[in-house]
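Worksheet: one structure, shown below.
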Amino acid sequence: MVRLPKIHIKVPGTSANLGPGFDLMGLALDIHNEFEFQFSKEITETKTELKNGKTLPFSKKEDLVLSSYLSYFSKFAKNLTPPPYHCKMTLALPLKGGLGSSASAIVAGLCLAKEVHKRLSTESLPTEQEFTQFLAEFEGHPDNTLPAYLGGFVFAYSTFGETLRYFRKKFPSSVSIFVLTPEYSVSTEESRKTLPKSYVTSDVIFNLSRIGAWMHFLDKRKFGDLLVGLEDKMHTPYRIPNSSPLFPLADTLKQEGIGYCLSGSGPSLLIFLERKALKSKLNELESKVSKIMKESGITYQFRRVKPDGIGVRIKMK
Ligand code: HSE
């Protein structure tokens, strides 16, 4: 058998939706999950552990690296028995935190499988279109998996089985991005069940107009357009209802005209400040956030992030 090298895969976190771009827009962020895979004759069963030795925060059934790895072979390399591996993970993305931790696992599993396929099988590799289509379909909505794979600010859509289409835009460096991650988790699947099955025309028009504002912001880089572009009537109001622990913060940010959006299905939020106003506004923002979150009784992490323009990195050792 051909010897497989150690394969190290690093995947950026992502923030999906960016307000109105539900299941469409996603931004890769410079917070990364890392996966180190080892293969050998002696490894006869797949084993996954955390590099820091702590207990895995999910069960084998929920191991998306493994399930995506296996599903790749069923789709693209049917003649090959997927070799078992040992995986050591370093997870910087919170689980069910709205920052693309599931997408990072899927990207890692599929990219690993493709590397193995390249080395062990004579069956032809999937084209990039076939691979990205599969990547998009694996999770069901491409706005996390595509930016995690490609890096950058990605618009990706593949509605009801259509061919996946995507393009990237440069995220303006005149804007600073902060991530607030409350220390509780939200299941995307459960959260999607709270959304309406259909929308009134005025809400659809509202969201279309906000995508227009985003395009204008990306073109002209006026912060005011971003503030309009972040507004959403399709998922945010249902995911942060008045009863949500996040409501007091979201409401204050809205009242004070501070740009924010729910990251994916939450609970993380992205908060945006104009870079030139950072010095005058950041301290004020941090104390406001701290006061409200304390009153709501939620512990959280607040950090500055930058877009990740690279996407998945694969290294052989
Ligand atoms: N667009 C998806 C949603 C992303 O909002 O449900 C999930 O992270």
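By convention in this document, the chains of the structure tokens carry letters A, B, ... by their order, each chain's residues are numbered from 1, and ligands are numbered from 1 in the order they are shown.
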Please list as an mmCIF file with N, CA and C atoms, in the first residue's frame every residue within 9 Å of Gly266 in chain A, counting only C-alpha atoms and excluding residues in the same chain fewer than 6 positions away.
data_model
loop_
_atom_site.group_PDB
_atom_site.id
_atom_site.type_symbol
_atom_site.label_atom_id
_atom_site.label_comp_id
_atom_site.auth_asym_id
_atom_site.auth_seq_id
_atom_site.Cartn_x
_atom_site.Cartn_y
_atom_site.Cartn_z
ATOM 1 N N LYS A 96 -21.404 24.887 18.087
ATOM 2 C CA LYS A 96 -22.751 25.489 18.012
ATOM 3 C C LYS A 96 -22.745 26.925 18.492
ATOM 4 N N GLY A 97 -21.711 27.639 18.114
ATOM 5 C CA GLY A 97 -21.574 29.028 18.551
ATOM 6 C C GLY A 97 -21.875 30.028 17.446
ATOM 7 N N GLY A 98 -22.182 29.530 16.246
ATOM 8 C CA GLY A 98 -22.491 30.436 15.133
ATOM 9 C C GLY A 98 -21.255 30.902 14.389
ATOM 10 N N LEU A 99 -20.136 30.186 14.581
ATOM 11 C CA LEU A 99 -18.909 30.616 13.901
ATOM 12 C C LEU A 99 -18.346 29.525 12.976
ATOM 13 N N THR A 181 -19.117 36.300 21.594
ATOM 14 C CA THR A 181 -19.616 34.929 21.698
ATOM 15 C C THR A 181 -20.135 34.658 23.102
ATOM 16 N N SER A 185 -24.916 27.562 23.691
ATOM 17 C CA SER A 185 -24.900 27.116 22.299
ATOM 18 C C SER A 185 -26.300 27.125 21.691
ATOM 19 N N VAL A 186 -26.323 27.158 20.361
ATOM 20 C CA VAL A 186 -27.591 27.161 19.616
ATOM 21 C C VAL A 186 -27.462 26.125 18.499
ATOM 22 N N SER A 187 -28.433 25.233 18.414
ATOM 23 C CA SER A 187 -28.405 24.268 17.319
ATOM 24 C C SER A 187 -29.028 24.927 16.085
ATOM 25 N N THR A 188 -28.281 24.935 14.988
ATOM 26 C CA THR A 188 -28.791 25.557 13.752
ATOM 27 C C THR A 188 -30.090 24.865 13.322
ATOM 28 N N SER A 191 -32.843 26.036 15.463
ATOM 29 C CA SER A 191 -33.088 27.457 15.215
ATOM 30 C C SER A 191 -33.829 27.661 13.891
ATOM 31 N N ARG A 239 -34.846 34.815 15.529
ATOM 32 C CA ARG A 239 -33.781 34.191 16.316
ATOM 33 C C ARG A 239 -33.399 35.021 17.541
#
With DSSP run on the backbone, what are the strand (DSSP E) residues within range 55-245 of chain A? I'd like them as a PyMOL selection string. chain A and resi 86-90+153-157+165-169+175-182
Which chains and residue numbers are within 6 Å of ligand 1, counting only C-alpha atoms and all ligand atoms, if I want them as a PyMOL selection string? chain A and resi 16-17+22-23+98+143+188+192+264-265
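The nearest approach to Glu274 in chain A among the residues A:Arg168, A:Lys10, A:Arg221, A:Lys75, with only C-alpha atoms taken into account, belongs to A:Arg221.
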Write out as a list of chain:residue names the residues lying within 10 Å of Phe160 in chain A, counting only C-alpha atoms and excluding same-chain residues fewer than 2 positions away. A:Glu137, A:Gly140, A:Tyr157, A:Ser158, A:Glu162, A:Thr163
Please, which residues of range 59-297 of chain A, numbered as in this document, come out alpha helix (DSSP H) from DSSP, as a ChimeraX atom specification? /A:64-76,101-120,128-139,142-150,188-193,201-220,223-229,236-239,247-255,278-296
Do you know which residues are at most 10 Å from Trp214 in chain A counting only C-alpha atoms, after dropping those on the same chain fewer than 4 positions away, and could you put them as a PyMOL selection string? chain A and resi 18-21+208-210+218-221+225-230
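Residues with any atom within 10 Å of Lys41 in chain A, counting only C-alpha atoms and excluding same-chain neighbours fewer than 3 positions away, are Met1, Arg3, Leu4, Thr44, Pro83 and Pro84 of chain A.
Going from CA of Leu180 in chain A to CA of Ile314 in chain A covers 28.6 Å.
We find CA of Ile177 in chain A and CA of Gly257 in chain A to be spaced 15.4 Å apart.
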